[in-house]
Amino acid sequence: MAGPFTRLISGRNTAVLLASLGAGTMATGFLMTENNSLVAEAKKMLYPPSSDFPDLRKHNNCMAAALTPAVYAKLRDKLTPNNWTLDQCIQTGVDNPGHPFIKTVGCVAGDEESYEVFAELFDPIIKDRHNGYDPRTMTHPTDLDASKVFTPSHDLSLPGSSVHLSAAPTCVEPYFSFFPVSVFLLQITNGVFDEKYVLSSRVRTGRSIRGLSLPPACSRAERREVERVVVMALAGLKGDLAGRYYGLGDMTDKEQQQLIDDHFLFDKPVSPLLTCAFMARDWPDARGIWHNNEKTFLIWVNEEDHTRVISMEKGGNMKRVFERFCRGLKQVEQLIQERGWEFMWNERLGYILTCPSNLGTGLRAGVHVRLPNLSKDSRFSKILDNLRLQKRGTGGVDTAATGDTFDISNNDRLGKSEVELVQLLVDGVNYLIECEKKLEKGHDIKVPAPITQFRK
Amino acid sequence: MPFGNTHNQMKLKYSSEQEYPDLSQHNNHMAKLLTPAIYERLRSKQTPSGFTLDDVIQTGIDNPGHPFIMTVGCVAGDEETYEVFKELLDPVIEDRHGGYKPSDKHKTDLNPDNLKGGDDLDPNYVLSSRVRTGRSVRGFCLPPHCSRGERRAVETLSIEALDTLSGDLKGKYYALKNMTDAEQQQLIDDHFLFDKPVSPLLLASGMARDWPDARGIWHNNNKTFLVWVNEEDHLRVISMQQGGNMKEVFNRFCTGLTKIEGLFKDRGHSFMWNEHLGYVLTCPSNLGTGLRAGVHVKLPNMSKHAKFEEVLKKLRLQKRGTGGVDTAAVGGVFDISNADRLGFSEVELVQMVVDGIKLLIEMEKKLEKGQSIDDIMPAQK
């Protein structure tokens, strides 16, 4: 790159052009136009895409794997309707080479249209991250129908009970590929976990407000508008969902301490993955936390997404957690629609969020579960893999487990509906608990067959 | 946004009040001076390369500052920033640089013969001497705003120019992304290596993007002349050596800088400079000379004296820890340097350091003997 480019730079004509570009005298009228198209054009000629192509040789993230010089050349000078560029999408991936073991995504969307305008980069990244989901040919199912939640007719905490006792098949064989899709199969069964093992249950997702730029790109006014729209909608929630908003910049010390004690408070991001994606700008302006009085339904405003919606409670009643989750989400959606707003969603990608890893459902359903014996078994990771689950420490992503308690949640986000993913989590956790019980008694356990990816 | 002409026109559909930042918790020059009226007038503007007001001030919004330390809170993305946004930057410059007016002219003097003395600072007290400045290459955007292509172009130009230096200035370039472990360790041991910025002041302005692409360190074989490429400025030029011969350090500094400037000119590039602001650098605090001349000096008694700060102020000097800005002093050893950058020439500033250090050492010696320093207190410079 140095050779031909050096000649370009040292050529006399170029020097003249460069000098005029940067000339201290502001007299030249055309340089000062609002438009600046002449300057932009000259700059594009001086700096072809090859001169700007990032050095990704040491990088291990989805963006670095997918961004070829050819794709970069095609997309570098494009703009979304909000004037967001490719370079801005990929900056976080350029600045964070990644880890040999952990493959991060390495790019973000600045607005809904990023996924379209830069589809040539985002589509392969989505495919890579979401197990082969092809946005060009597939559609994503959304299913938040809480009426499908089904009360089990037995008590799973009885000793010797097995996951196979319920009315619907719940074993983790890949039945999706054998049986026709039916409401019966899509009911969530065995949604109440053995509380000897499961300490808490939680479901989270994100939602973006259509028409406003996402956290990497939004201006202060847009961010404040997101806050205004969401807080106004949340004020309309009633009954067990009635609650209150705490702006990050306004809360009292006492309120802050309470939110910390409740494990609700989020703080200014320190992860370079987020700060390099411009998400921490203007902190704490227009950021806040809303939660219901019962402290079981929580919404983060303007952290990594416009909103993060969380339903949680102590204990193992995932069914109730999910029911509240669906109900709350539905109501919030209705409340913003009454005022002429809607969530970003499309058939191809489901719910649109800042990070491509959260497309589709954006859903992470998980439990804090004690697995002292299973976690020491060498097959633990494989079992989780096959069940399409992941483990994290109890501090969340990038933390280590304390003691034997793990955060276990679904791996997938896109290509399966919310109901399907929660079902997967429920079945998986029950399987893990069964394994734990078996190991307690000195019995052996089996690694389950892997679950298939997508329905045809 | 830190780079690319993107969002600014879109923001204009919101009113100025809706976009105006919340600066109620802030203590920096920008926050002090950016009124809603100024914001309204400047927010629709951009420099020819697309740098906007929000780009200028983002670092100041994201870093509210400290009750005791007044940071600048804004940066330039190109040479024209100081012109297009003068309504904000002129007051900032005036505030930061001791009342420097928009009509003032800055004098540049890089003739080392004009420095009186400075070759005999007491080596029992002065451990090392150092002069640094920065230079920006005209025609390229500055670190907060430059594209990868531009940054690489600056690096290529710099390597080409520096490679032709000869004599005691002959040296070698070490690109940050290519150096071997051995080279890296050597540079650390020599106290030459700079690393990816961690200061949120720099990160929030976009200066660490694409690290370590096109960043590097050049130094001469004698290890007394050093150039940082693409850190906080296009170039930081440093002359340093052990001991108290500031005259020699300054000599080499001027000679080296003048040579480098000539080499860049041969290749069709001048440094960003004008009559009013002197040398143009990324941070308004470094305008003018961009010069910080300083020593590491042992002042265990003086530093505990009640009038230490007052003396420094009168001498127009500042103290830092020996790790540089934002570090604490270790073992009574301080980094003492000139506080000013703009409105005084290079020679004048180094003279202040030379004279000031002489006086401080005299005071230290008196305090060692248990004598008072009241009779040699300086007047305000």
# chains A, B, ... in the order shown; residues from 1 in each chain; ligands from 1
call {"tool": "select_by_dssp", "arguments": {"residues": "region 11-69 of chain B", "states": "strand (DSSP E or B)", "output": "ChimeraX atom specification"}}
result
/B:27-28,46,52,65
call {"tool": "residues_around", "arguments": {"residues": "Leu265 (chain A)", "least_positions_apart": "3", "cutoff": "10 Å", "atoms": "only C-alpha atoms", "output": "NGL selection string"}}
result
:A and (246 or 248 or 255-262 or 288-289 or 300)
call {"tool": "residues_around", "arguments": {"residues": "region 255-257 of chain B", "least_positions_apart": "6", "cutoff": "10 Å", "atoms": "only C-alpha atoms", "output": "list in words"}}
result
Leu110, Asn111, Pro112, Thr133, Gly134, Arg135, Leu162, Leu165, Asp168, Leu169, Phe225, Leu226, Val237, Ile238, Ser239 and Leu263 of chain B
call {"tool": "write_last_selection", "arguments": {"atoms": "all heavy atoms", "output": "short mmCIF file (atom, residue, chain, number, x, y, z; two decimals), in the first residue's frame"}}
result
data_model
loop_
_atom_site.label_atom_id
_atom_site.label_comp_id
_atom_site.auth_asym_id
_atom_site.auth_seq_id
_atom_site.Cartn_x
_atom_site.Cartn_y
_atom_site.Cartn_z
N LEU B 110 12.80 30.05 17.01
CA LEU B 110 13.47 28.77 17.21
C LEU B 110 14.97 28.92 16.99
O LEU B 110 15.64 27.99 16.53
CB LEU B 110 12.89 27.73 16.25
CG LEU B 110 11.56 27.13 16.70
CD1 LEU B 110 10.82 26.48 15.54
CD2 LEU B 110 11.77 26.10 17.81
N ASN B 111 15.50 30.09 17.32
CA ASN B 111 16.95 30.30 17.22
C ASN B 111 17.59 30.04 18.59
O ASN B 111 17.48 30.86 19.49
CB ASN B 111 17.23 31.73 16.76
CG ASN B 111 18.73 31.94 16.57
OD1 ASN B 111 19.55 31.10 16.93
ND2 ASN B 111 19.09 33.09 16.00
N PRO B 112 18.27 28.90 18.74
CA PRO B 112 18.78 28.53 20.06
C PRO B 112 19.85 29.48 20.58
O PRO B 112 20.10 29.55 21.78
CB PRO B 112 19.34 27.12 19.84
CG PRO B 112 19.60 27.02 18.38
CD PRO B 112 18.64 27.92 17.70
N THR B 133 7.49 19.48 21.63
CA THR B 133 6.43 20.23 21.00
C THR B 133 5.66 19.33 20.06
O THR B 133 5.94 18.14 19.98
CB THR B 133 6.95 21.47 20.24
OG1 THR B 133 5.82 22.24 19.80
CG2 THR B 133 7.74 21.05 19.01
N GLY B 134 4.71 19.90 19.35
CA GLY B 134 3.97 19.13 18.37
C GLY B 134 3.95 19.87 17.05
O GLY B 134 4.20 21.08 17.00
N ARG B 135 3.71 19.11 15.99
CA ARG B 135 3.56 19.74 14.69
C ARG B 135 2.44 19.01 13.94
O ARG B 135 2.30 17.78 14.05
CB ARG B 135 4.85 19.66 13.86
CG ARG B 135 5.99 20.53 14.36
CD ARG B 135 5.71 22.01 14.19
NE ARG B 135 6.84 22.84 14.58
CZ ARG B 135 6.98 23.42 15.77
NH1 ARG B 135 6.06 23.23 16.72
NH2 ARG B 135 8.04 24.17 16.03
N LEU B 162 12.03 11.67 7.94
CA LEU B 162 12.94 11.38 9.05
C LEU B 162 14.09 10.47 8.60
O LEU B 162 15.20 10.55 9.14
CB LEU B 162 12.17 10.74 10.21
CG LEU B 162 11.12 11.65 10.86
CD1 LEU B 162 10.20 10.85 11.77
CD2 LEU B 162 11.79 12.76 11.63
N LEU B 165 17.40 12.20 7.74
CA LEU B 165 18.21 12.90 8.74
C LEU B 165 19.56 12.21 8.89
O LEU B 165 19.65 10.99 8.78
CB LEU B 165 17.49 12.94 10.09
CG LEU B 165 16.28 13.88 10.18
CD1 LEU B 165 15.56 13.68 11.50
CD2 LEU B 165 16.71 15.33 10.03
N ASP B 168 24.17 13.37 14.00
CA ASP B 168 23.70 12.90 15.31
C ASP B 168 22.19 12.74 15.35
O ASP B 168 21.62 12.28 16.34
CB ASP B 168 24.17 13.86 16.43
CG ASP B 168 23.41 15.18 16.41
OD1 ASP B 168 23.17 15.69 15.29
OD2 ASP B 168 23.04 15.68 17.50
N LEU B 169 21.55 13.15 14.25
CA LEU B 169 20.10 12.97 14.20
C LEU B 169 19.71 11.71 13.45
O LEU B 169 18.53 11.36 13.37
CB LEU B 169 19.45 14.18 13.52
CG LEU B 169 19.51 15.50 14.30
CD1 LEU B 169 18.88 16.62 13.49
CD2 LEU B 169 18.81 15.36 15.65
N PHE B 225 16.79 12.35 20.52
CA PHE B 225 15.83 13.07 19.69
C PHE B 225 14.79 12.08 19.23
O PHE B 225 15.10 11.04 18.64
CB PHE B 225 16.55 13.72 18.51
CG PHE B 225 15.72 14.74 17.77
CD1 PHE B 225 15.38 15.94 18.37
CD2 PHE B 225 15.30 14.50 16.47
CE1 PHE B 225 14.63 16.89 17.69
CE2 PHE B 225 14.54 15.45 15.78
CZ PHE B 225 14.20 16.64 16.40
N LEU B 226 13.55 12.40 19.50
CA LEU B 226 12.48 11.40 19.40
C LEU B 226 11.25 12.01 18.74
O LEU B 226 10.89 13.16 19.04
CB LEU B 226 12.18 10.97 20.83
CG LEU B 226 10.99 10.12 21.21
CD1 LEU B 226 11.10 8.75 20.62
CD2 LEU B 226 10.94 10.02 22.72
N VAL B 237 7.51 16.14 18.84
CA VAL B 237 8.97 16.13 18.67
C VAL B 237 9.60 16.38 20.03
O VAL B 237 9.26 17.34 20.71
CB VAL B 237 9.40 17.23 17.68
CG1 VAL B 237 10.91 17.23 17.51
CG2 VAL B 237 8.70 17.01 16.34
N ILE B 238 10.51 15.53 20.42
CA ILE B 238 11.07 15.56 21.77
C ILE B 238 12.59 15.51 21.71
O ILE B 238 13.15 14.64 21.04
CB ILE B 238 10.57 14.35 22.59
CG1 ILE B 238 9.04 14.36 22.65
CG2 ILE B 238 11.16 14.37 24.00
CD1 ILE B 238 8.43 12.99 22.81
N SER B 239 13.20 16.43 22.43
CA SER B 239 14.66 16.38 22.60
C SER B 239 14.90 16.21 24.09
O SER B 239 14.31 16.90 24.91
CB SER B 239 15.27 17.69 22.10
OG SER B 239 16.63 17.76 22.46
N LEU B 263 12.46 19.26 5.41
CA LEU B 263 12.27 18.00 4.69
C LEU B 263 10.82 17.83 4.27
O LEU B 263 10.52 17.32 3.18
CB LEU B 263 12.71 16.82 5.57
CG LEU B 263 14.22 16.77 5.85
CD1 LEU B 263 14.52 15.77 6.97
CD2 LEU B 263 14.97 16.38 4.59
#
call {"tool": "closest_residue", "arguments": {"among": "B:Lys116, B:His66, B:His26, B:Lys307", "to": "chain A", "atoms": "only C-alpha atoms"}}
result
B:His26
call {"tool": "interface_residues", "arguments": {"of": "chain B", "to": "chain A", "cutoff": "7 Å", "atoms": "only C-alpha atoms", "output": "MDAnalysis selection string"}}
result
chainID B and resid 6:7 10:11 14 18:19 48 61:62 79:80 138:140 147:149 209:211 267:268
call {"tool": "atom_distance", "arguments": {"atom1": "CA of Lys330 (chain A)", "atom2": "CA of Asp145 (chain A)"}}
result
9.3 Å
call {"tool": "closest_residue", "arguments": {"among": "A:Val226, A:Ser311, A:Asp427, A:Leu121", "to": "Glu342 (chain A)", "atoms": "only C-alpha atoms"}}
result
A:Val226
call {"tool": "residues_around", "arguments": {"residues": "Asn358 (chain A)", "least_positions_apart": "3", "cutoff": "9 Å", "atoms": "only C-alpha atoms", "output": "PDB file with N, CA, C and O atoms, in the first residue's frame"}}
result
ATOM      1  N   THR A 205     -35.134  -8.615  26.671  1.00  0.00           N
ATOM      2  CA  THR A 205     -34.995  -8.331  25.254  1.00  0.00           C
ATOM      3  C   THR A 205     -34.756  -6.842  25.092  1.00  0.00           C
ATOM      4  O   THR A 205     -34.589  -6.128  26.068  1.00  0.00           O
ATOM      5  N   GLY A 206     -34.713  -6.396  23.845  1.00  0.00           N
ATOM      6  CA  GLY A 206     -34.567  -4.976  23.580  1.00  0.00           C
ATOM      7  C   GLY A 206     -35.608  -4.548  22.566  1.00  0.00           C
ATOM      8  O   GLY A 206     -36.155  -5.380  21.836  1.00  0.00           O
ATOM      9  N   TYR A 351     -36.965  -8.111  15.362  1.00  0.00           N
ATOM     10  CA  TYR A 351     -36.781  -6.828  16.044  1.00  0.00           C
ATOM     11  C   TYR A 351     -35.382  -6.309  15.774  1.00  0.00           C
ATOM     12  O   TYR A 351     -34.407  -7.042  15.898  1.00  0.00           O
ATOM     13  N   ILE A 352     -35.305  -5.041  15.385  1.00  0.00           N
ATOM     14  CA  ILE A 352     -34.030  -4.438  15.017  1.00  0.00           C
ATOM     15  C   ILE A 352     -33.384  -3.823  16.252  1.00  0.00           C
ATOM     16  O   ILE A 352     -33.980  -2.966  16.913  1.00  0.00           O
ATOM     17  N   LEU A 353     -32.173  -4.254  16.544  1.00  0.00           N
ATOM     18  CA  LEU A 353     -31.432  -3.711  17.676  1.00  0.00           C
ATOM     19  C   LEU A 353     -30.042  -3.278  17.215  1.00  0.00           C
ATOM     20  O   LEU A 353     -29.630  -3.563  16.093  1.00  0.00           O
ATOM     21  N   THR A 354     -29.324  -2.606  18.125  1.00  0.00           N
ATOM     22  CA  THR A 354     -28.036  -2.020  17.766  1.00  0.00           C
ATOM     23  C   THR A 354     -27.023  -3.070  17.320  1.00  0.00           C
ATOM     24  O   THR A 354     -26.342  -2.912  16.308  1.00  0.00           O
ATOM     25  N   CYS A 355     -26.901  -4.116  18.084  1.00  0.00           N
ATOM     26  CA  CYS A 355     -25.921  -5.140  17.754  1.00  0.00           C
ATOM     27  C   CYS A 355     -26.571  -6.257  16.964  1.00  0.00           C
ATOM     28  O   CYS A 355     -27.615  -6.791  17.370  1.00  0.00           O
ATOM     29  N   THR A 361     -35.269 -12.031  18.056  1.00  0.00           N
ATOM     30  CA  THR A 361     -36.033 -11.880  19.295  1.00  0.00           C
ATOM     31  C   THR A 361     -35.319 -10.933  20.250  1.00  0.00           C
ATOM     32  O   THR A 361     -35.959 -10.342  21.111  1.00  0.00           O
ATOM     33  N   GLY A 362     -34.007 -10.820  20.112  1.00  0.00           N
ATOM     34  CA  GLY A 362     -33.234 -10.062  21.105  1.00  0.00           C
ATOM     35  C   GLY A 362     -33.370 -10.702  22.471  1.00  0.00           C
ATOM     36  O   GLY A 362     -33.044 -10.110  23.501  1.00  0.00           O
ATOM     37  N   LEU A 363     -33.819 -11.926  22.495  1.00  0.00           N
ATOM     38  CA  LEU A 363     -34.238 -12.530  23.754  1.00  0.00           C
ATOM     39  C   LEU A 363     -33.174 -13.384  24.413  1.00  0.00           C
ATOM     40  O   LEU A 363     -32.590 -14.254  23.787  1.00  0.00           O
ATOM     41  N   ASP A 412     -29.334 -18.744  21.164  1.00  0.00           N
ATOM     42  CA  ASP A 412     -29.868 -18.216  19.911  1.00  0.00           C
ATOM     43  C   ASP A 412     -30.747 -17.006  20.122  1.00  0.00           C
ATOM     44  O   ASP A 412     -31.346 -16.830  21.171  1.00  0.00           O
ATOM     45  N   ARG A 413     -30.814 -16.202  19.049  1.00  0.00           N
ATOM     46  CA  ARG A 413     -31.687 -15.028  19.109  1.00  0.00           C
ATOM     47  C   ARG A 413     -32.579 -14.954  17.884  1.00  0.00           C
ATOM     48  O   ARG A 413     -33.705 -14.461  17.974  1.00  0.00           O
ATOM     49  N   LEU A 414     -32.064 -15.372  16.747  1.00  0.00           N
ATOM     50  CA  LEU A 414     -32.703 -15.133  15.453  1.00  0.00           C
ATOM     51  C   LEU A 414     -33.012 -16.463  14.786  1.00  0.00           C
ATOM     52  O   LEU A 414     -32.201 -17.373  14.804  1.00  0.00           O
TER      53      LEU A 414
END
call {"tool": "residues_around", "arguments": {"residues": "Leu335 (chain A)", "least_positions_apart": "2", "cutoff": "8 Å", "atoms": "only C-alpha atoms", "output": "number ranges by chain"}}
result
A: 233-234, 236, 331-333, 337-339
call {"tool": "write_last_selection", "arguments": {"atoms": "N, CA and C atoms", "output": "compact mmCIF listing (two decimals), in the first residue's frame"}}
result
# COMPACT_ATOMS: atom_id res chain seq x y z
N ALA A 233 -45.03 6.41 27.68
CA ALA A 233 -45.76 5.15 27.50
C ALA A 233 -45.80 4.37 28.81
N LEU A 234 -44.66 4.27 29.48
CA LEU A 234 -44.59 3.47 30.70
C LEU A 234 -45.47 4.04 31.80
N GLY A 236 -48.32 4.83 31.49
CA GLY A 236 -49.66 4.30 31.28
C GLY A 236 -49.85 2.87 31.78
N GLN A 331 -48.23 -4.37 26.14
CA GLN A 331 -48.85 -3.13 26.61
C GLN A 331 -48.01 -1.91 26.25
N VAL A 332 -46.70 -2.05 26.40
CA VAL A 332 -45.85 -0.91 26.05
C VAL A 332 -45.99 -0.60 24.56
N GLU A 333 -46.02 -1.65 23.76
CA GLU A 333 -46.16 -1.44 22.32
C GLU A 333 -47.46 -0.71 22.01
N GLN A 337 -47.95 2.98 20.33
CA GLN A 337 -48.70 3.07 19.07
C GLN A 337 -49.81 4.09 19.15
N GLU A 338 -50.40 4.20 20.34
CA GLU A 338 -51.46 5.20 20.53
C GLU A 338 -50.95 6.61 20.21
N ARG A 339 -49.65 6.79 20.36
CA ARG A 339 -49.09 8.12 20.10
C ARG A 339 -48.38 8.19 18.76
call {"tool": "residues_around", "arguments": {"residues": "Ile383 (chain A)", "least_positions_apart": "6", "cutoff": "10 Å", "atoms": "only C-alpha atoms", "output": "NGL selection string"}}
result
:A and (374 or 389-390 or 428 or 431-432 or 435 or 446-450)
call {"tool": "write_last_selection", "arguments": {"atoms": "N, CA, C and O atoms", "output": "mmCIF file, in the first residue's frame"}}
result
data_model
loop_
_atom_site.group_PDB
_atom_site.id
_atom_site.type_symbol
_atom_site.label_atom_id
_atom_site.label_comp_id
_atom_site.auth_asym_id
_atom_site.auth_seq_id
_atom_site.Cartn_x
_atom_site.Cartn_y
_atom_site.Cartn_z
ATOM 1 N N LEU A 374 -22.516 -31.157 38.176
ATOM 2 C CA LEU A 374 -22.489 -31.116 36.715
ATOM 3 C C LEU A 374 -21.409 -30.181 36.193
ATOM 4 O O LEU A 374 -20.752 -30.473 35.187
ATOM 5 N N LEU A 389 -27.517 -23.880 24.782
ATOM 6 C CA LEU A 389 -27.471 -22.985 25.932
ATOM 7 C C LEU A 389 -26.052 -22.441 26.108
ATOM 8 O O LEU A 389 -25.105 -23.023 25.578
ATOM 9 N N GLN A 390 -25.950 -21.358 26.838
ATOM 10 C CA GLN A 390 -24.628 -20.839 27.164
ATOM 11 C C GLN A 390 -24.567 -20.563 28.651
ATOM 12 O O GLN A 390 -25.592 -20.301 29.281
ATOM 13 N N GLY A 428 -34.012 -27.307 28.465
ATOM 14 C CA GLY A 428 -32.584 -27.456 28.730
ATOM 15 C C GLY A 428 -32.258 -27.412 30.204
ATOM 16 O O GLY A 428 -31.506 -28.250 30.719
ATOM 17 N N TYR A 431 -33.246 -30.467 31.940
ATOM 18 C CA TYR A 431 -32.305 -31.548 31.643
ATOM 19 C C TYR A 431 -31.059 -31.419 32.520
ATOM 20 O O TYR A 431 -30.563 -32.398 33.071
ATOM 21 N N LEU A 432 -30.571 -30.173 32.654
ATOM 22 C CA LEU A 432 -29.378 -29.949 33.469
ATOM 23 C C LEU A 432 -29.634 -30.350 34.927
ATOM 24 O O LEU A 432 -28.769 -30.944 35.583
ATOM 25 N N CYS A 435 -29.562 -34.013 35.265
ATOM 26 C CA CYS A 435 -28.169 -34.480 35.283
ATOM 27 C C CYS A 435 -27.549 -34.272 36.656
ATOM 28 O O CYS A 435 -26.876 -35.154 37.200
ATOM 29 N N LYS A 446 -26.177 -38.634 30.379
ATOM 30 C CA LYS A 446 -25.996 -38.760 28.923
ATOM 31 C C LYS A 446 -25.907 -37.369 28.304
ATOM 32 O O LYS A 446 -26.600 -36.442 28.728
ATOM 33 N N VAL A 447 -25.035 -37.286 27.316
ATOM 34 C CA VAL A 447 -25.012 -36.066 26.519
ATOM 35 C C VAL A 447 -26.159 -36.130 25.516
ATOM 36 O O VAL A 447 -26.254 -37.093 24.756
ATOM 37 N N PRO A 448 -27.033 -35.140 25.527
ATOM 38 C CA PRO A 448 -28.183 -35.223 24.621
ATOM 39 C C PRO A 448 -27.770 -34.967 23.177
ATOM 40 O O PRO A 448 -26.722 -34.363 22.916
ATOM 41 N N ALA A 449 -28.601 -35.422 22.256
ATOM 42 C CA ALA A 449 -28.335 -35.150 20.841
ATOM 43 C C ALA A 449 -28.479 -33.649 20.583
ATOM 44 O O ALA A 449 -29.253 -32.977 21.260
ATOM 45 N N PRO A 450 -27.743 -33.131 19.619
ATOM 46 C CA PRO A 450 -27.836 -31.691 19.365
ATOM 47 C C PRO A 450 -29.176 -31.298 18.754
ATOM 48 O O PRO A 450 -29.753 -32.058 17.973
#
call {"tool": "residues_around", "arguments": {"residues": "Met279 (chain A)", "least_positions_apart": "6", "cutoff": "9 Å", "atoms": "only C-alpha atoms", "output": "list in words"}}
result
Leu214, Pro215, Pro216, Ala217, Cys218, Pro269, Asn302, Glu303, Glu304 and Asp305 of chain A
call {"tool": "atom_distance", "arguments": {"atom1": "CA of Phe406 (chain A)", "atom2": "CA of Val270 (chain A)"}}
result
23.2 Å
call {"tool": "select_by_dssp", "arguments": {"residues": "region 142-208 of chain B", "states": "helix (DSSP H, G or I)", "output": "PyMOL selection string"}}
result
chain B and resi 148-163+167-169+181-189+200-203
call {"tool": "write_last_selection", "arguments": {"atoms": "C-alpha atoms", "output": "mmCIF file, in the first residue's frame"}}
result
data_model
loop_
_atom_site.group_PDB
_atom_site.id
_atom_site.type_symbol
_atom_site.label_atom_id
_atom_site.label_comp_id
_atom_site.auth_asym_id
_atom_site.auth_seq_id
_atom_site.Cartn_x
_atom_site.Cartn_y
_atom_site.Cartn_z
ATOM 1 C CA ARG B 148 -7.188 5.739 8.157
ATOM 2 C CA GLY B 149 -5.953 6.783 4.705
ATOM 3 C CA GLU B 150 -4.949 10.218 5.944
ATOM 4 C CA ARG B 151 -3.278 8.901 9.063
ATOM 5 C CA ARG B 152 -1.258 6.476 6.985
ATOM 6 C CA ALA B 153 -0.309 9.257 4.597
ATOM 7 C CA VAL B 154 1.023 11.299 7.507
ATOM 8 C CA GLU B 155 3.016 8.298 8.699
ATOM 9 C CA THR B 156 4.461 7.591 5.269
ATOM 10 C CA LEU B 157 5.486 11.213 4.793
ATOM 11 C CA SER B 158 7.036 11.322 8.251
ATOM 12 C CA ILE B 159 9.068 8.174 7.763
ATOM 13 C CA GLU B 160 10.332 9.429 4.404
ATOM 14 C CA ALA B 161 11.367 12.757 5.860
ATOM 15 C CA LEU B 162 12.940 11.377 9.048
ATOM 16 C CA ASP B 163 14.863 8.729 7.127
ATOM 17 C CA GLY B 167 24.762 12.985 11.670
ATOM 18 C CA ASP B 168 23.705 12.905 15.311
ATOM 19 C CA LEU B 169 20.102 12.975 14.198
ATOM 20 C CA ASP B 181 9.030 -7.830 21.621
ATOM 21 C CA ALA B 182 12.708 -6.965 22.036
ATOM 22 C CA GLU B 183 12.260 -3.599 20.347
ATOM 23 C CA GLN B 184 9.208 -2.902 22.443
ATOM 24 C CA GLN B 185 10.995 -3.691 25.659
ATOM 25 C CA GLN B 186 13.920 -1.481 24.693
ATOM 26 C CA LEU B 187 11.608 1.422 23.944
ATOM 27 C CA ILE B 188 9.904 0.943 27.294
ATOM 28 C CA ASP B 189 13.243 0.871 29.103
ATOM 29 C CA PRO B 200 -11.055 9.454 28.622
ATOM 30 C CA LEU B 201 -10.146 12.985 27.536
ATOM 31 C CA LEU B 202 -8.454 11.519 24.485
ATOM 32 C CA LEU B 203 -10.736 8.549 23.931
#
call {"tool": "atom_distance", "arguments": {"atom1": "CA of Lys196 (chain B)", "atom2": "CA of Thr322 (chain B)"}}
result
19.2 Å
